Each structure stands twice: as C-alpha cells, then as structure tokens.
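Colleague: Contents of entry25.cif (mmCIF, C-alpha atoms) are below:
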data_protein
loop_
_atom_site.group_PDB
_atom_site.id
_atom_site.type_symbol
_atom_site.label_atom_id
_atom_site.label_comp_id
_atom_site.auth_asym_id
_atom_site.auth_seq_id
_atom_site.Cartn_x
_atom_site.Cartn_y
_atom_site.Cartn_z
ATOM 1 C CA MET A 1 0.000 0.000 0.000
ATOM 2 C CA LYS A 2 1.723 3.178 -1.090
ATOM 3 C CA HIS A 3 -0.996 5.777 -1.622
ATOM 4 C CA THR A 4 -0.232 7.750 1.476
ATOM 5 C CA SER A 5 -0.226 11.197 -0.074
ATOM 6 C CA THR A 6 -3.463 12.051 1.781
ATOM 7 C CA THR A 7 -3.616 10.629 5.256
ATOM 8 C CA ARG A 8 -6.761 10.795 7.337
ATOM 9 C CA ARG A 9 -5.066 13.329 9.594
ATOM 10 C CA SER A 10 -4.038 15.633 6.819
ATOM 11 C CA PHE A 11 -7.478 15.393 5.234
ATOM 12 C CA LEU A 12 -9.150 16.373 8.477
ATOM 13 C CA ARG A 13 -6.777 19.258 8.960
ATOM 14 C CA LEU A 14 -7.513 20.466 5.463
ATOM 15 C CA ALA A 15 -11.281 20.075 5.884
ATOM 16 C CA SER A 16 -11.374 21.903 9.187
ATOM 17 C CA SER A 17 -9.298 24.793 7.913
ATOM 18 C CA ALA A 18 -11.591 25.071 4.905
ATOM 19 C CA ALA A 19 -14.638 25.101 7.167
ATOM 20 C CA VAL A 20 -13.132 27.794 9.346
ATOM 21 C CA ALA A 21 -12.258 29.925 6.377
ATOM 22 C CA GLY A 22 -15.793 29.392 5.095
ATOM 23 C CA SER A 23 -14.538 29.118 1.560
ATOM 24 C CA VAL A 24 -15.894 25.588 1.018
ATOM 25 C CA PRO A 25 -19.502 25.131 2.148
ATOM 26 C CA ILE A 26 -19.478 21.343 2.485
ATOM 27 C CA VAL A 27 -23.055 20.676 3.646
ATOM 28 C CA THR A 28 -25.687 23.233 4.487
ATOM 29 C CA LEU A 29 -27.985 21.973 7.218
ATOM 30 C CA ARG A 30 -31.269 23.802 7.267
ATOM 31 C CA ARG A 31 -34.491 22.647 8.886
ATOM 32 C CA LEU A 32 -37.460 22.993 6.563
ATOM 33 C CA GLU A 33 -39.963 24.496 8.943
ATOM 34 C CA ALA A 34 -41.644 26.950 6.623
ATOM 35 C CA THR A 35 -44.920 25.737 5.170
ATOM 36 C CA PRO A 36 -44.800 25.828 1.367
ATOM 37 C CA ALA A 37 -47.169 28.203 -0.372
ATOM 38 C CA MET A 38 -49.284 25.451 -1.959
ATOM 39 C CA LEU A 39 -50.096 23.937 1.408
ATOM 40 C CA SER A 40 -51.131 27.221 2.973
ATOM 41 C CA ALA A 41 -53.171 28.115 -0.126
ATOM 42 C CA ALA A 42 -55.019 24.781 0.071
ATOM 43 C CA ILE A 43 -55.685 25.310 3.766
ATOM 44 C CA ARG A 44 -56.950 28.867 3.171
ATOM 45 C CA ASN A 45 -59.269 27.478 0.504
ATOM 46 C CA VAL A 46 -61.053 25.450 3.163
ATOM 47 C CA VAL A 47 -60.637 27.643 6.210
ATOM 48 C CA GLY A 48 -60.883 31.121 4.678
ATOM 49 C CA GLU A 49 -59.660 33.821 7.008
ATOM 50 C CA ALA A 50 -60.752 32.041 10.192
ATOM 51 C CA PRO A 51 -58.066 31.423 12.803
ATOM 52 C CA ILE A 52 -56.793 27.862 13.166
ATOM 53 C CA ARG A 53 -56.126 26.682 16.682
ATOM 54 C CA THR A 54 -53.940 23.781 17.675
ATOM 55 C CA GLY A 55 -55.554 20.933 19.587
ATOM 56 C CA LYS A 56 -58.590 18.638 19.701
ATOM 57 C CA VAL A 57 -57.399 16.774 16.603
ATOM 58 C CA LYS A 58 -55.327 13.609 16.727
ATOM 59 C CA LEU A 59 -53.541 12.274 13.660
ATOM 60 C CA ASP A 60 -52.340 8.678 13.865
ATOM 61 C CA ILE A 61 -49.811 7.947 11.167
ATOM 62 C CA PRO A 62 -46.589 5.938 11.363
ATOM 63 C CA PRO A 63 -43.651 8.301 12.008
ATOM 64 C CA LEU A 64 -41.416 6.196 9.769
ATOM 65 C CA VAL A 65 -42.865 4.846 6.529
ATOM 66 C CA GLU A 66 -41.059 2.324 4.374
ATOM 67 C CA ASN A 67 -43.397 2.471 1.395
ATOM 68 C CA GLY A 68 -45.142 5.758 0.649
ATOM 69 C CA ASN A 69 -47.610 4.058 -1.699
ATOM 70 C CA THR A 70 -49.938 3.028 1.072
ATOM 71 C CA VAL A 71 -49.761 4.633 4.477
ATOM 72 C CA PRO A 72 -52.523 3.970 7.024
ATOM 73 C CA MET A 73 -53.860 7.125 8.624
ATOM 74 C CA THR A 74 -56.497 7.755 11.297
ATOM 75 C CA VAL A 75 -57.829 11.162 12.275
ATOM 76 C CA SER A 76 -59.883 11.525 15.427
ATOM 77 C CA VAL A 77 -61.336 14.680 16.936
ATOM 78 C CA THR A 78 -62.390 15.281 20.527
ATOM 79 C CA SER A 79 -66.064 16.153 20.288
ATOM 80 C CA PRO A 80 -69.294 15.130 22.058
ATOM 81 C CA MET A 81 -70.932 14.713 18.602
ATOM 82 C CA THR A 82 -74.300 16.096 19.691
ATOM 83 C CA PRO A 83 -76.550 18.126 17.366
ATOM 84 C CA GLU A 84 -75.348 21.263 19.189
ATOM 85 C CA ASP A 85 -71.636 20.473 19.157
ATOM 86 C CA TYR A 86 -70.191 18.214 16.502
ATOM 87 C CA VAL A 87 -67.461 17.950 13.890
ATOM 88 C CA LYS A 88 -68.674 19.120 10.480
ATOM 89 C CA SER A 89 -65.659 18.063 8.479
ATOM 90 C CA ILE A 90 -62.088 16.813 8.606
ATOM 91 C CA HIS A 91 -59.548 17.967 6.024
ATOM 92 C CA VAL A 92 -56.119 16.442 5.543
ATOM 93 C CA PHE A 93 -53.256 18.166 3.730
ATOM 94 C CA ASN A 94 -49.649 17.443 2.891
ATOM 95 C CA GLU A 95 -46.629 19.536 2.218
ATOM 96 C CA LYS A 96 -44.673 17.910 -0.591
ATOM 97 C CA ASN A 97 -46.878 15.646 -2.725
ATOM 98 C CA PRO A 98 -47.540 16.982 -6.255
ATOM 99 C CA GLN A 99 -50.771 18.470 -4.933
ATOM 100 C CA PRO A 100 -51.580 19.446 -1.357
ATOM 101 C CA ASN A 101 -54.999 17.835 -0.687
ATOM 102 C CA MET A 102 -55.232 14.375 0.826
ATOM 103 C CA GLY A 103 -58.916 14.109 1.624
ATOM 104 C CA ASN A 104 -62.030 15.912 2.841
ATOM 105 C CA PHE A 105 -64.415 13.995 5.091
ATOM 106 C CA TYR A 106 -67.872 15.316 5.964
ATOM 107 C CA LEU A 107 -69.512 14.091 9.154
ATOM 108 C CA THR A 108 -72.882 14.506 10.832
ATOM 109 C CA PRO A 109 -73.881 14.392 14.524
ATOM 110 C CA SER A 110 -75.186 10.865 13.874
ATOM 111 C CA ALA A 111 -71.606 9.636 13.527
ATOM 112 C CA GLY A 112 -71.358 9.259 17.287
ATOM 113 C CA ARG A 113 -67.585 9.360 17.095
ATOM 114 C CA ALA A 114 -65.522 11.844 15.085
ATOM 115 C CA GLN A 115 -62.983 9.470 13.642
ATOM 116 C CA ILE A 116 -62.041 8.418 10.123
ATOM 117 C CA SER A 117 -59.380 6.136 8.672
ATOM 118 C CA THR A 118 -57.979 5.812 5.196
ATOM 119 C CA ARG A 119 -54.772 4.959 3.369
ATOM 120 C CA ILE A 120 -52.740 7.665 1.726
ATOM 121 C CA ARG A 121 -49.738 8.166 -0.536
ATOM 122 C CA LEU A 122 -46.709 10.167 0.489
ATOM 123 C CA ALA A 123 -44.222 11.307 -2.135
ATOM 124 C CA ASP A 124 -41.560 12.424 0.295
ATOM 125 C CA THR A 125 -40.572 12.900 3.897
ATOM 126 C CA GLN A 126 -42.897 15.654 4.933
ATOM 127 C CA LYS A 127 -45.468 17.185 7.209
ATOM 128 C CA VAL A 128 -49.102 16.033 7.204
ATOM 129 C CA VAL A 129 -51.727 18.436 8.541
ATOM 130 C CA ALA A 130 -55.260 17.548 9.689
ATOM 131 C CA ILE A 131 -57.838 20.271 10.271
ATOM 132 C CA ALA A 132 -61.291 19.817 11.809
ATOM 133 C CA ARG A 133 -64.198 22.188 11.286
ATOM 134 C CA MET A 134 -66.565 22.242 14.258
ATOM 135 C CA SER A 135 -70.279 23.005 14.127
ATOM 136 C CA ASP A 136 -69.556 26.491 15.513
ATOM 137 C CA ASP A 137 -67.185 27.026 12.534
ATOM 138 C CA THR A 138 -64.017 27.066 14.590
ATOM 139 C CA PHE A 139 -61.010 25.243 13.139
ATOM 140 C CA TRP A 140 -58.609 22.987 15.024
ATOM 141 C CA SER A 141 -55.501 21.394 13.657
ATOM 142 C CA VAL A 142 -52.569 19.101 14.260
ATOM 143 C CA SER A 143 -49.493 18.440 12.176
ATOM 144 C CA VAL A 144 -47.273 15.379 12.156
ATOM 145 C CA ASP A 145 -43.882 14.800 10.541
ATOM 146 C CA VAL A 146 -43.497 11.579 8.586
ATOM 147 C CA VAL A 147 -40.253 10.116 7.266
ATOM 148 C CA VAL A 148 -40.705 8.217 3.988
ATOM 149 C CA THR A 149 -38.041 5.921 2.523
ATOM 150 C CA LEU A 150 -39.754 4.827 -0.727
ATOM 151 C CA ALA A 151 -41.705 7.623 -2.366
ATOM 152 C CA ALA A 152 -45.071 7.288 -4.106
ATOM 153 C CA CYS A 153 -47.004 9.176 -6.796
ATOM 154 C CA THR A 154 -44.431 10.077 -9.410
ATOM 155 C CA GLU A 155 -42.447 6.930 -10.115
ATOM 156 C CA GLU A 156 -42.283 5.443 -13.606
ATOM 157 C CA VAL A 157 -44.965 3.100 -14.846
ATOM 158 C CA ASN A 158 -43.572 -0.281 -15.754
ATOM 159 C CA MET B 1 -68.638 -2.638 -11.744
ATOM 160 C CA ALA B 2 -65.640 -2.590 -9.535
ATOM 161 C CA SER B 3 -65.493 -5.063 -6.708
ATOM 162 C CA THR B 4 -66.090 -3.693 -3.245
ATOM 163 C CA LEU B 5 -65.729 -4.950 0.277
ATOM 164 C CA ILE B 6 -67.979 -3.606 3.030
ATOM 165 C CA ASN B 7 -67.695 -4.378 6.715
ATOM 166 C CA VAL B 8 -70.799 -3.478 8.729
ATOM 167 C CA PRO B 9 -71.788 -5.391 11.868
ATOM 168 C CA PRO B 10 -74.887 -7.441 10.943
ATOM 169 C CA LYS B 11 -76.457 -6.776 14.351
ATOM 170 C CA ALA B 12 -76.229 -3.947 16.854
ATOM 171 C CA LYS B 13 -78.009 -2.602 19.921
ATOM 172 C CA ARG B 14 -79.925 0.634 19.451
ATOM 173 C CA GLY B 15 -77.620 3.547 20.236
ATOM 174 C CA ASP B 16 -74.389 1.622 19.712
ATOM 175 C CA ILE B 17 -71.599 3.408 17.877
ATOM 176 C CA ILE B 18 -70.554 1.119 15.041
ATOM 177 C CA GLU B 19 -67.609 1.282 12.670
ATOM 178 C CA ILE B 20 -68.167 0.939 8.940
ATOM 179 C CA LYS B 21 -65.207 -0.100 6.805
ATOM 180 C CA THR B 22 -65.222 0.147 3.034
ATOM 181 C CA LEU B 23 -62.805 -0.890 0.345
ATOM 182 C CA THR B 24 -63.174 -0.693 -3.404
ATOM 183 C CA SER B 25 -60.856 -1.843 -6.156
ATOM 184 C CA HIS B 26 -59.493 1.042 -8.180
ATOM 185 C CA ILE B 27 -56.080 1.901 -9.602
ATOM 186 C CA MET B 28 -56.180 5.529 -8.360
ATOM 187 C CA GLU B 29 -53.777 6.639 -11.117
ATOM 188 C CA THR B 30 -52.374 9.924 -9.874
ATOM 189 C CA GLY B 31 -51.884 11.722 -13.177
ATOM 190 C CA PHE B 32 -48.323 12.556 -12.145
ATOM 191 C CA ARG B 33 -46.616 9.409 -13.369
ATOM 192 C CA HIS B 34 -44.784 8.937 -16.652
ATOM 193 C CA THR B 35 -44.222 5.840 -18.761
ATOM 194 C CA ALA B 36 -40.683 4.787 -19.585
ATOM 195 C CA ALA B 37 -41.184 6.589 -22.933
ATOM 196 C CA GLY B 38 -41.836 9.828 -21.068
ATOM 197 C CA GLU B 39 -45.570 10.122 -21.663
ATOM 198 C CA LEU B 40 -47.766 11.342 -18.838
ATOM 199 C CA VAL B 41 -50.261 8.728 -17.658
ATOM 200 C CA PRO B 42 -53.641 10.493 -17.427
ATOM 201 C CA ARG B 43 -55.336 10.817 -14.062
ATOM 202 C CA ASN B 44 -57.924 8.185 -13.214
ATOM 203 C CA ILE B 45 -59.111 8.370 -9.620
ATOM 204 C CA ILE B 46 -62.218 8.090 -7.487
ATOM 205 C CA THR B 47 -63.159 11.624 -6.528
ATOM 206 C CA SER B 48 -66.101 11.116 -4.240
ATOM 207 C CA PHE B 49 -67.524 8.593 -1.797
ATOM 208 C CA ALA B 50 -70.818 8.761 0.063
ATOM 209 C CA CYS B 51 -72.790 6.599 2.482
ATOM 210 C CA ARG B 52 -76.536 6.733 3.100
ATOM 211 C CA TYR B 53 -78.306 5.102 6.027
ATOM 212 C CA ASN B 54 -81.947 4.378 5.136
ATOM 213 C CA GLY B 55 -81.815 7.145 2.552
ATOM 214 C CA THR B 56 -80.138 9.828 4.693
ATOM 215 C CA GLU B 57 -76.571 10.769 3.896
ATOM 216 C CA ILE B 58 -74.417 10.143 6.974
ATOM 217 C CA PHE B 59 -70.916 10.415 5.534
ATOM 218 C CA ARG B 60 -69.219 11.842 2.472
ATOM 219 C CA ALA B 61 -65.586 12.112 1.399
ATOM 220 C CA ASP B 62 -63.656 13.852 -1.380
ATOM 221 C CA LEU B 63 -60.691 11.789 -2.518
ATOM 222 C CA PHE B 64 -57.546 12.992 -4.262
ATOM 223 C CA PRO B 65 -54.578 11.405 -6.072
ATOM 224 C CA ALA B 66 -52.984 11.196 -2.615
ATOM 225 C CA THR B 67 -55.396 8.392 -1.709
ATOM 226 C CA ALA B 68 -53.744 4.979 -2.043
ATOM 227 C CA ALA B 69 -54.865 2.522 -4.717
ATOM 228 C CA ASN B 70 -57.959 0.485 -3.784
ATOM 229 C CA PRO B 71 -59.290 3.230 -1.505
ATOM 230 C CA PHE B 72 -60.061 2.218 2.057
ATOM 231 C CA VAL B 73 -62.299 4.512 4.087
ATOM 232 C CA SER B 74 -63.705 3.810 7.517
ATOM 233 C CA PHE B 75 -65.973 5.910 9.725
ATOM 234 C CA PHE B 76 -68.504 5.612 12.536
ATOM 235 C CA THR B 77 -72.227 5.947 12.946
ATOM 236 C CA ILE B 78 -74.860 5.389 15.615
ATOM 237 C CA ALA B 79 -77.042 2.331 15.018
ATOM 238 C CA LYS B 80 -80.493 3.953 15.088
ATOM 239 C CA GLU B 81 -82.770 1.538 13.280
ATOM 240 C CA SER B 82 -82.710 -1.624 11.212
ATOM 241 C CA GLY B 83 -82.234 -1.039 7.546
ATOM 242 C CA LYS B 84 -79.751 -0.545 4.809
ATOM 243 C CA PHE B 85 -76.488 1.281 4.235
ATOM 244 C CA GLU B 86 -75.885 2.307 0.650
ATOM 245 C CA PHE B 87 -72.437 3.230 -0.593
ATOM 246 C CA GLU B 88 -71.504 5.056 -3.761
ATOM 247 C CA TRP B 89 -68.143 5.815 -5.340
ATOM 248 C CA ILE B 90 -67.809 8.259 -8.248
ATOM 249 C CA GLY B 91 -64.656 8.948 -10.236
ATOM 250 C CA ASP B 92 -62.926 10.050 -13.415
ATOM 251 C CA ASN B 93 -63.979 8.760 -16.857
ATOM 252 C CA GLY B 94 -67.537 8.198 -15.669
ATOM 253 C CA PHE B 95 -66.536 5.671 -13.022
ATOM 254 C CA SER B 96 -69.354 4.790 -10.670
ATOM 255 C CA THR B 97 -69.998 1.838 -8.415
ATOM 256 C CA THR B 98 -72.375 1.096 -5.564
ATOM 257 C CA ALA B 99 -72.691 -1.379 -2.745
ATOM 258 C CA SER B 100 -75.034 -1.957 0.165
ATOM 259 C CA ALA B 101 -75.166 -3.704 3.507
ATOM 260 C CA SER B 102 -77.998 -4.316 5.923
ATOM 261 C CA ILE B 103 -78.110 -4.131 9.680
ATOM 262 C CA VAL B 104 -80.512 -5.385 12.315
ATOM 263 C CA VAL B 105 -80.861 -3.016 15.263
ATOM 264 C CA GLU B 106 -82.463 -4.375 18.416
#
Write the structure described by the file as structure tokens, please.
Modeller:
Amino acid sequence: MKHTSTTRRSFLRLASSAAVAGSVPIVTLRRLEATPAMLSAAIRNVVGEAPIRTGKVKLDIPPLVENGNTVPMTVSVTSPMTPEDYVKSIHVFNEKNPQPNMGNFYLTPSAGRAQISTRIRLADTQKVVAIARMSDDTFWSVSVDVVVTLAACTEEVN
Amino acid sequence: MASTLINVPPKAKRGDIIEIKTLTSHIMETGFRHTAAGELVPRNIITSFACRYNGTEIFRADLFPATAANPFVSFFTIAKESGKFEFEWIGDNGFSTTASASIVVE
C-alpha cells in the first residue's frame, strides 16, 4: 500500500481549515420548517380567514414509513358529537406531494364518534396536517412529521 | 362494476356506535406518473364517496390522487334503526360503483 499522499489526519486538517475559512460550504444543514405556499393556499381554501387553533385533533400515522404508496392514517377529533356540538368536516393536507390535498371527510352528529381512517400516498418525507371544522365554525388542527423511505405518486410506470 | 368490500356489523343494539369499513378496487392513477417513454399517464381516480343510512346521507368524502390505490375509508355511525347502508363511489372517466349492507338493530 503506497498511496499515502493524503492521510486521514491531513485530510481532516484540510477540511477543518476550509470550514473555518468558510470558503468551502461542504453541507448546508437547514431545517425545513416553513410551510410551502401550496399547502397554505389549500388550507386557506377550506378555512378562509378564520383562525386555526392547535388541539382537539389527533392524527395517527406511522412516524417512519417504508413504502409511501400506502400509508394507514387515522384522524380523530375530541367532540361530544351532539346536534349542538359536533365535527362538520375533517380535512387532511400534505406539504410535498404533487398536490396538497389528501382528503375531505364530511360528518354529521349521527356519527357518534368523530374518527375516520384511510390509506394515503406520500411522495416524500414531509409534514401532514389535519384540520377539523366544528359546528360552531371554529377550526382545530394538528401536524405530524413523517419520514418516507420509498416515495409514491411520481415513479415510472412499468 | 368494480369489486367492493364492506364491513358493517350485521347486528347492533340501538344507540351503539358502530364502525363501517369500506374498500373498493381502483387503480387511483395519480396523473403525475410517466411511462418509460416519457408520456404522462392520465389521471384516473375516485373523486367522491358517500354513504346513506336508510336514505339519509351520513358520511361523504372527497378523494384525491394522494389516496392509495384500492381506496379504504372507515368511519362511525350510531345504530339507530334496522335497515340498509348504501355506498356510492364516483370517479374520473364516468366511473361509478355502488354497494349496500344491511343491519338489524335491536
């Protein structure tokens, strides 16, 4: 073995001096916290200008998904489901699929329990948002981060 | 007529909250996929699902390309009276299919 021109030590020294000088941006780590415009537009379409509060809604979805083609999801909302106080609808959105809507579900007081389940597709590691509209037209939401290893939606057809 | 699978308890006590599970066979082509030749595969999805309980609509859903193939939807209702649940799925290219299930409420 005679390829010792770059030893591990000299490489590290070089890398650290480059990082200090700031001349070589090796990796930029940035947390994607901002909600993309399409998602907020889709939410505004449903909610209008009403304020959205956090709480009451529970979104059950696996935090780590191997196959984005079919992901089980359950949304439940804390509500007595009486004719005076019930959940009118549940809306689910995503951040990074080709389009932001995942489903709209319309309930009545006769549901007894404000809970729905379905299976969704996720094209990428992203945030999923569920919003519930109550009978008094207040909106409650929850958002969950999901890590996806195999993406859905846009792959080639064989 | 696409094949469907409905799960409704055949019997319930009056006032019980029951879960209704539905599944229908459908490709749910997103409209975002390409063939190997680069052509866009046109969208073909179910866009709407509804359930009626003795004629009254108790549940409705709008579906999108983000719904997995062979859409599964489950929801709850209060068993009020014996009768029939009717289910209807409507989609692109004139797709439409129905199913029904009966329940005995004591």
Colleague: Starting from chain B, keep only residues with some atom at most 12 Å from an atom of chain A, counting all atoms listed in the file, and report them as a ChimeraX atom specification.
Modeller: /B:15-24,27-43,46-53,56-80
Colleague: Just write the chosen residues, C-alpha atoms, as an mmCIF file, in the frame of the given file.
Modeller:
data_model
loop_
_atom_site.group_PDB
_atom_site.id
_atom_site.type_symbol
_atom_site.label_atom_id
_atom_site.label_comp_id
_atom_site.auth_asym_id
_atom_site.auth_seq_id
_atom_site.Cartn_x
_atom_site.Cartn_y
_atom_site.Cartn_z
ATOM 1 C CA GLY B 15 -77.620 3.547 20.236
ATOM 2 C CA ASP B 16 -74.389 1.622 19.712
ATOM 3 C CA ILE B 17 -71.599 3.408 17.877
ATOM 4 C CA ILE B 18 -70.554 1.119 15.041
ATOM 5 C CA GLU B 19 -67.609 1.282 12.670
ATOM 6 C CA ILE B 20 -68.167 0.939 8.940
ATOM 7 C CA LYS B 21 -65.207 -0.100 6.805
ATOM 8 C CA THR B 22 -65.222 0.147 3.034
ATOM 9 C CA LEU B 23 -62.805 -0.890 0.345
ATOM 10 C CA THR B 24 -63.174 -0.693 -3.404
ATOM 11 C CA ILE B 27 -56.080 1.901 -9.602
ATOM 12 C CA MET B 28 -56.180 5.529 -8.360
ATOM 13 C CA GLU B 29 -53.777 6.639 -11.117
ATOM 14 C CA THR B 30 -52.374 9.924 -9.874
ATOM 15 C CA GLY B 31 -51.884 11.722 -13.177
ATOM 16 C CA PHE B 32 -48.323 12.556 -12.145
ATOM 17 C CA ARG B 33 -46.616 9.409 -13.369
ATOM 18 C CA HIS B 34 -44.784 8.937 -16.652
ATOM 19 C CA THR B 35 -44.222 5.840 -18.761
ATOM 20 C CA ALA B 36 -40.683 4.787 -19.585
ATOM 21 C CA ALA B 37 -41.184 6.589 -22.933
ATOM 22 C CA GLY B 38 -41.836 9.828 -21.068
ATOM 23 C CA GLU B 39 -45.570 10.122 -21.663
ATOM 24 C CA LEU B 40 -47.766 11.342 -18.838
ATOM 25 C CA VAL B 41 -50.261 8.728 -17.658
ATOM 26 C CA PRO B 42 -53.641 10.493 -17.427
ATOM 27 C CA ARG B 43 -55.336 10.817 -14.062
ATOM 28 C CA ILE B 46 -62.218 8.090 -7.487
ATOM 29 C CA THR B 47 -63.159 11.624 -6.528
ATOM 30 C CA SER B 48 -66.101 11.116 -4.240
ATOM 31 C CA PHE B 49 -67.524 8.593 -1.797
ATOM 32 C CA ALA B 50 -70.818 8.761 0.063
ATOM 33 C CA CYS B 51 -72.790 6.599 2.482
ATOM 34 C CA ARG B 52 -76.536 6.733 3.100
ATOM 35 C CA TYR B 53 -78.306 5.102 6.027
ATOM 36 C CA THR B 56 -80.138 9.828 4.693
ATOM 37 C CA GLU B 57 -76.571 10.769 3.896
ATOM 38 C CA ILE B 58 -74.417 10.143 6.974
ATOM 39 C CA PHE B 59 -70.916 10.415 5.534
ATOM 40 C CA ARG B 60 -69.219 11.842 2.472
ATOM 41 C CA ALA B 61 -65.586 12.112 1.399
ATOM 42 C CA ASP B 62 -63.656 13.852 -1.380
ATOM 43 C CA LEU B 63 -60.691 11.789 -2.518
ATOM 44 C CA PHE B 64 -57.546 12.992 -4.262
ATOM 45 C CA PRO B 65 -54.578 11.405 -6.072
ATOM 46 C CA ALA B 66 -52.984 11.196 -2.615
ATOM 47 C CA THR B 67 -55.396 8.392 -1.709
ATOM 48 C CA ALA B 68 -53.744 4.979 -2.043
ATOM 49 C CA ALA B 69 -54.865 2.522 -4.717
ATOM 50 C CA ASN B 70 -57.959 0.485 -3.784
ATOM 51 C CA PRO B 71 -59.290 3.230 -1.505
ATOM 52 C CA PHE B 72 -60.061 2.218 2.057
ATOM 53 C CA VAL B 73 -62.299 4.512 4.087
ATOM 54 C CA SER B 74 -63.705 3.810 7.517
ATOM 55 C CA PHE B 75 -65.973 5.910 9.725
ATOM 56 C CA PHE B 76 -68.504 5.612 12.536
ATOM 57 C CA THR B 77 -72.227 5.947 12.946
ATOM 58 C CA ILE B 78 -74.860 5.389 15.615
ATOM 59 C CA ALA B 79 -77.042 2.331 15.018
ATOM 60 C CA LYS B 80 -80.493 3.953 15.088
#
Colleague: Here is a test: counting only C-alpha atoms, which residue of A:Asp124, A:Leu39, A:Ser135, A:Arg44 is nearest to A:Glu84?
Modeller: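 Checking each of A:Asp124, A:Leu39, A:Ser135, A:Arg44 against A:Glu84, counting only C-alpha atoms, the winner is A:Ser135.
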Colleague: Applying the PyMOL selection byres ((chain B and resi 12) around 6) to the file I just gave you, which residues come out? Please list them as a JSON list (two decimals) with C-alpha atoms, in the coordinates of the input.
Modeller:
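The resulting part_35.json:
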[["chain", "number", "residue", "atom", "x", "y", "z"],
["B", 11, "LYS", "CA", -76.46, -6.78, 14.35],
["B", 13, "LYS", "CA", -78.01, -2.60, 19.92],
["B", 105, "VAL", "CA", -80.86, -3.02, 15.26]]
Colleague: Quick check, in Å to one decimal: how far apart do atom CA of A:Ser143 and atom CA of A:Met81 lie?
Modeller: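 These atoms are spaced 22.7 Å apart.
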Colleague: Kindly give the distance, in Å, that separates atom CA of A:Val129 and atom CA of A:Val77, rounded to a single decimal.
Modeller: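 According to the coordinates, atom CA of A:Val129 and atom CA of A:Val77 are separated by 13.3 Å.
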